[in-house]
Structures are given as structure tokens and as C-alpha cells.
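Colleague: One structure, pasted below without further comment.
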Amino acid sequence: MPENTTPPKDGAKSYDVAVLGGGSFGTAMAKVLGENGHTVHFWMRDEAQAEEVRRTRVNKRYMPDVTIEGDVQPTTDLAEAVARAEVVLVAIPSKAFRSVIRENADAFWEGQIVVSLTKGIEEHGFKLMSEILMEELPRCRSGVLSGPNLAAEIVNRELTATVIAAKDPEVRRTVQDLLGCEYFRVYANVDVYGVELAGALKNIYAIVAGLASALEMGENARAMLITRGLAEMSRFAVSLGANPMTFMGLAGVGDLIATCTSNKSRNYRIGYAVGKGKQLDEAVKELGQVAEGIYTLKLVREKSESIGIYMPLVRGLYEILYNGASINAVISSLMMAVQNSDVEFILPRTITQ
């Protein structure tokens, strides 16, 4: 057994797994897999970063205080990592997702399980990552992992639950076997589109929540913003074919609560910085990591307007971040909006444009 290898859980199968993406969440998943006794081919772009993790077992840029245990093998050879893996977990930012998958499509093989961990939307065509996988890797079996999963807590073995969404029951079972342990629980769902869209949309409302916190709004106001955000995101997603009940689970309200109440959330921190007077570019540079919500916001605003879905929080945040609108003026206009039904899909709703 190689050095740093953890034996598999009692009676469990040991898998070869590729984790693509050396950021915070990719690192967290590699750590869970390694501790569960699997062989992890951990791909990252930067050879210096890979060598550092290989030598010190620490991903200093993203997780400086965390030691990666188990048989985790850093590499910059994506094709080799994928070719050796039974399951591939993809934690690549949405802007590069398709290009990386397309460039290495030949390395993937028939029936291989490929799961997206990325909570974002592709700019052209409003495509989710699962749709990109189906287009670029039609011979593979795909799924989506999403939920209230702050990487900083997962690496500290704090209690966490997630959702694996896939049409194929074997994909769901395999991911549950791979990742499930005493502190990380994996629940199943068949609504791939709803689970994935919930994960992308909640990033927008995490930015809103960060703004509210910076402005020292009261608990009542923050509770209002989170629940109206839930109504807004579910209204939008259901109009595109998602199941409304998905938003009552971990991938919906669970993820929304986690990212709207924690300063460990990158999107929340962006909102907080802007609320304290920083320009968006300055806040992003200071963060030093990808905050998917700032890209998702543009796409969702455009899409919602094109299909006629009322999303006042999206519209207001867009005006603040990209058009220099006064935060107080936007909040005032939101409070003057028509008071519609509380819970979507129960009472008839007045569409207010």
C-alpha cells in the first residue's frame, strides 16, 4: 500500500477517482476521497502547485492549514488522470469548463461516470455544466453534486450533507459509496436540472446577503432577503423545467442558508466588500478566487428578462454591481414593490413587471 494511503472503509470497494481542479472545493473532495481509502488522481494546471502538494501534502494557496491524507496523487496530466479513473469529479470554473472537457474528450471512456461539482452557468446558450457534459461526453454517464458544502468546513471534518443528482441510479449509488462517511452524508435526487440550477442561482443571493450584512441590516431584513431569494430562484428555475420541491431540500434552501449566512462563502464576501464601499473589481482581486455569482448574475438577468420572469433582487443587484446604482436607492425601490403571494406555487401570483 503506497505511503499516505488510508485503507478503504470496512467492506467498501476502493475506486480510482480523478478530481479535476486544484481549487478549494476540488481539494476538499480529494481529501474526503483519500481519507475514504480511494486512489485520487488530483489534476491541477500549475506544475509548481502540483509539486508542492506532492511534496508537502498541503495546497498552500487554497487550503494552507490542511494536510491531505491518503493516496492522493497530484498531476498536471489530465488525460492520464482521466484514463485511469472509474469516476471523474470536475471542479473546474464554469468559464473554462467546456474548453477543458472538449480538449481532453478522447481520454474519457464509454460508460465512465463524470460528475460536475461546478456551480455556474456557461455564457453562450445559458448551459449548465451537466448539459456541457452530455454534449461533449455523450458516451459517459453524468451527474451533479451540489448542496450546502463550504469547503473550509469539509476539510475540517465538520458535519456536512450534499446531493448527488443523476438519472442513472448506479451513478447515484456510486457517488454515495465514494464520498459517504461519518461526517459527509450524500443524499440522492433525480432532478438534475433543478439541483444544478439551485446551486448556481444561490450564489447571486449570497452576494445580496453579504451586502445586507455590510450595511448592518437587522435579522428580520436578512431573513426576508433569504426567503424572497428562495421564492425568486425557484420561480425562475421552475419556469425552465425544474421541480419546485427540489428547492425545499439541501440543494435549494439548504445551500441558500449556508452561503447567505457565512463569511466562508466567496460570494458573500464579495457582497460584503462592495457593501463596505469597494468597487467590484477591487473586491474580486482581494478575494483571489473565482466567485461564480458575479458571472451568473449577468446571465440570469438577461435570461429572466428574455422569458419574462420577475426577479427584483437580481435586477437590483445588477444595478448596484454593474451600473453604479446607490445601494440604498435599490433597497428603497425593492421595498416599494407590489406585495405578492408569500410562497410560490400555492396562491395565484400577480406578475409585476
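Here's how to read the names in the C-alpha cells: chain A, B, ... by the order shown, residue numbers from 1 in each chain, ligand numbers from 1 in the order shown.
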What's around Ala237 in chain A at 8 Å? Count only C-alpha atoms, leave out sequence neighbours fewer than 3 positions away in its own chain, and write the answer as number ranges by chain.
Modeller: A: 194, 197-198, 233-234, 240-242, 244
Colleague: Okay, now the selection with all heavy atoms, as an mmCIF file, in the first residue's frame?
Modeller:
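Done, and the output landed in result-v3.cif:
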```
data_model
loop_
_atom_site.group_PDB
_atom_site.id
_atom_site.type_symbol
_atom_site.label_atom_id
_atom_site.label_comp_id
_atom_site.auth_asym_id
_atom_site.auth_seq_id
_atom_site.Cartn_x
_atom_site.Cartn_y
_atom_site.Cartn_z
ATOM 1 N N GLY A 194 -32.803 20.894 -11.718
ATOM 2 C CA GLY A 194 -33.176 21.698 -10.558
ATOM 3 C C GLY A 194 -32.065 21.803 -9.538
ATOM 4 O O GLY A 194 -31.780 22.882 -9.015
ATOM 5 N N LEU A 197 -29.268 24.023 -11.086
ATOM 6 C CA LEU A 197 -29.660 25.429 -11.204
ATOM 7 C C LEU A 197 -29.746 26.077 -9.818
ATOM 8 O O LEU A 197 -29.359 27.240 -9.644
ATOM 9 C CB LEU A 197 -30.993 25.529 -11.942
ATOM 10 C CG LEU A 197 -31.373 26.887 -12.534
ATOM 11 C CD1 LEU A 197 -30.243 27.468 -13.378
ATOM 12 C CD2 LEU A 197 -32.639 26.752 -13.380
ATOM 13 N N ALA A 198 -30.212 25.339 -8.833
ATOM 14 C CA ALA A 198 -30.254 25.866 -7.463
ATOM 15 C C ALA A 198 -28.853 26.237 -6.990
ATOM 16 O O ALA A 198 -28.637 27.299 -6.403
ATOM 17 C CB ALA A 198 -30.872 24.834 -6.515
ATOM 18 N N MET A 233 -35.604 32.465 -6.976
ATOM 19 C CA MET A 233 -34.821 31.471 -7.703
ATOM 20 C C MET A 233 -35.657 30.262 -8.085
ATOM 21 O O MET A 233 -35.495 29.700 -9.166
ATOM 22 C CB MET A 233 -33.578 31.054 -6.903
ATOM 23 C CG MET A 233 -33.834 30.372 -5.596
ATOM 24 S SD MET A 233 -32.327 30.262 -4.558
ATOM 25 C CE MET A 233 -31.610 28.738 -5.175
ATOM 26 N N SER A 234 -36.594 29.863 -7.228
ATOM 27 C CA SER A 234 -37.438 28.721 -7.561
ATOM 28 C C SER A 234 -38.425 29.074 -8.669
ATOM 29 O O SER A 234 -38.688 28.261 -9.562
ATOM 30 C CB SER A 234 -38.177 28.205 -6.316
ATOM 31 O OG SER A 234 -38.982 29.218 -5.743
ATOM 32 N N LEU A 240 -38.117 27.039 -16.160
ATOM 33 C CA LEU A 240 -37.210 26.375 -17.097
ATOM 34 C C LEU A 240 -37.273 24.854 -16.998
ATOM 35 O O LEU A 240 -36.497 24.158 -17.645
ATOM 36 C CB LEU A 240 -35.772 26.844 -16.850
ATOM 37 C CG LEU A 240 -35.502 28.328 -17.107
ATOM 38 C CD1 LEU A 240 -34.075 28.688 -16.735
ATOM 39 C CD2 LEU A 240 -35.774 28.688 -18.561
ATOM 40 N N GLY A 241 -38.187 24.340 -16.145
ATOM 41 C CA GLY A 241 -38.409 22.899 -16.106
ATOM 42 C C GLY A 241 -37.981 22.184 -14.845
ATOM 43 O O GLY A 241 -38.093 20.963 -14.755
ATOM 44 N N ALA A 242 -37.489 22.900 -13.834
ATOM 45 C CA ALA A 242 -37.069 22.257 -12.595
ATOM 46 C C ALA A 242 -38.280 21.883 -11.745
ATOM 47 O O ALA A 242 -39.366 22.444 -11.892
ATOM 48 C CB ALA A 242 -36.148 23.185 -11.809
ATOM 49 N N PRO A 244 -40.228 22.122 -8.360
ATOM 50 C CA PRO A 244 -40.223 23.084 -7.246
ATOM 51 C C PRO A 244 -39.819 22.458 -5.916
ATOM 52 O O PRO A 244 -39.243 23.132 -5.059
ATOM 53 C CB PRO A 244 -41.664 23.604 -7.211
ATOM 54 C CG PRO A 244 -42.477 22.602 -7.956
ATOM 55 C CD PRO A 244 -41.568 22.032 -8.997
#
```
Colleague: Which neighbours of Glu232 in chain A fall inside 12 Å, counting only C-alpha atoms, when residues of the same chain fewer than 3 positions from it are skipped, and could you give them as a ChimeraX atom specification?
Modeller: /A:198,201-202,204-205,224-229,235-239,244,247,252-253,256,300-301,304,309-315,340-345
Colleague: Within range 58-247 of chain A, find each residue whose DSSP state, derived from the backbone, is alpha helix (DSSP H), and express the selection as a PyMOL selection string.
Modeller: chain A and resi 78-83+94-103+129-136+151-154+169-179+192-214+219-239
Colleague: Choose the residue, out of A:Gly125, A:Gly21, A:Gly210, A:Gly180, that has the smallest atom-to-atom separation from Asn36 in chain A; count only C-alpha atoms.
Modeller: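 Ranking A:Gly125, A:Gly21, A:Gly210, A:Gly180 by distance to Asn36 in chain A, first place goes to A:Gly180.
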Colleague: Point out the residue among A:Asn104, A:Thr39, A:Gln289, A:Ser262 with the least atom-to-atom distance to Glu80 in chain A, counting only C-alpha atoms.
Modeller: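 Among A:Asn104, A:Thr39, A:Gln289, A:Ser262, it is A:Asn104 that comes nearest to Glu80 in chain A.
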Colleague: Give me the residues near Gly34 in chain A as a ChimeraX atom specification, where near means some atom within 7 Å (using only C-alpha atoms) and where sequence neighbours in that chain fewer than 6 positions away do not count.
Modeller: /A:6,40,69-72
Colleague: With C-alpha atoms retained, could you export that selection as a short mmCIF file (atom, residue, chain, number, x, y, z; two decimals), in the first residue's frame?
Modeller:
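Contents of the output file selection26.cif:
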```
data_model
loop_
_atom_site.label_atom_id
_atom_site.label_comp_id
_atom_site.auth_asym_id
_atom_site.auth_seq_id
_atom_site.Cartn_x
_atom_site.Cartn_y
_atom_site.Cartn_z
CA THR A 6 -5.76 5.12 4.07
CA VAL A 40 -7.18 10.01 -6.18
CA GLU A 69 -4.12 12.33 3.73
CA GLY A 70 -4.42 9.10 1.78
CA ASP A 71 -3.37 8.03 -1.71
CA VAL A 72 -3.82 11.42 -3.38
#
```
Colleague: For range 28-98 of chain A against range 148-167 of chain A, with a cut-off of 10 Å and counting only C-alpha atoms, what is the closest atom pair and its distance in Å to one decimal for every residue that makes the cut, ordered by chain and number, as CSV?
Modeller:
```
residue,atom,partner,partner_atom,distance
A:Ala28,CA,A:Val155,CA,5.4
A:Met29,CA,A:Ile154,CA,8.3
A:Ala30,CA,A:Val155,CA,9.6
A:Lys31,CA,A:Val155,CA,6.9
A:Val32,CA,A:Val155,CA,7.6
A:Tyr62,CA,A:Ala152,CA,9.5
A:Met63,CA,A:Ala152,CA,7.9
A:Asp65,CA,A:Val155,CA,9.6
A:Val66,CA,A:Val155,CA,7.0
A:Thr67,CA,A:Val155,CA,8.9
A:Ile68,CA,A:Val155,CA,8.8
```
Colleague: What's the 9 Å shell around Gly275 in chain A, counting only C-alpha atoms, without same-chain residues fewer than 5 positions away, as a PyMOL selection string?
Modeller: chain A and resi 210-215+270+327
Colleague: Let me see the file: selected residues, C-alpha atoms, as a compact mmCIF listing (two decimals), in the first residue's frame.
Modeller:
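The resulting file, selection.txt, is reproduced below:
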```txt
# COMPACT_ATOMS: atom_id res chain seq x y z
CA GLY A 210 -23.19 39.98 2.05
CA LEU A 211 -24.35 43.47 1.10
CA ALA A 212 -27.06 43.34 3.77
CA SER A 213 -24.56 42.26 6.41
CA ALA A 214 -22.15 45.06 5.48
CA LEU A 215 -24.98 47.55 5.83
CA ILE A 270 -17.81 39.84 -2.46
CA ILE A 327 -27.47 50.55 -2.63
```
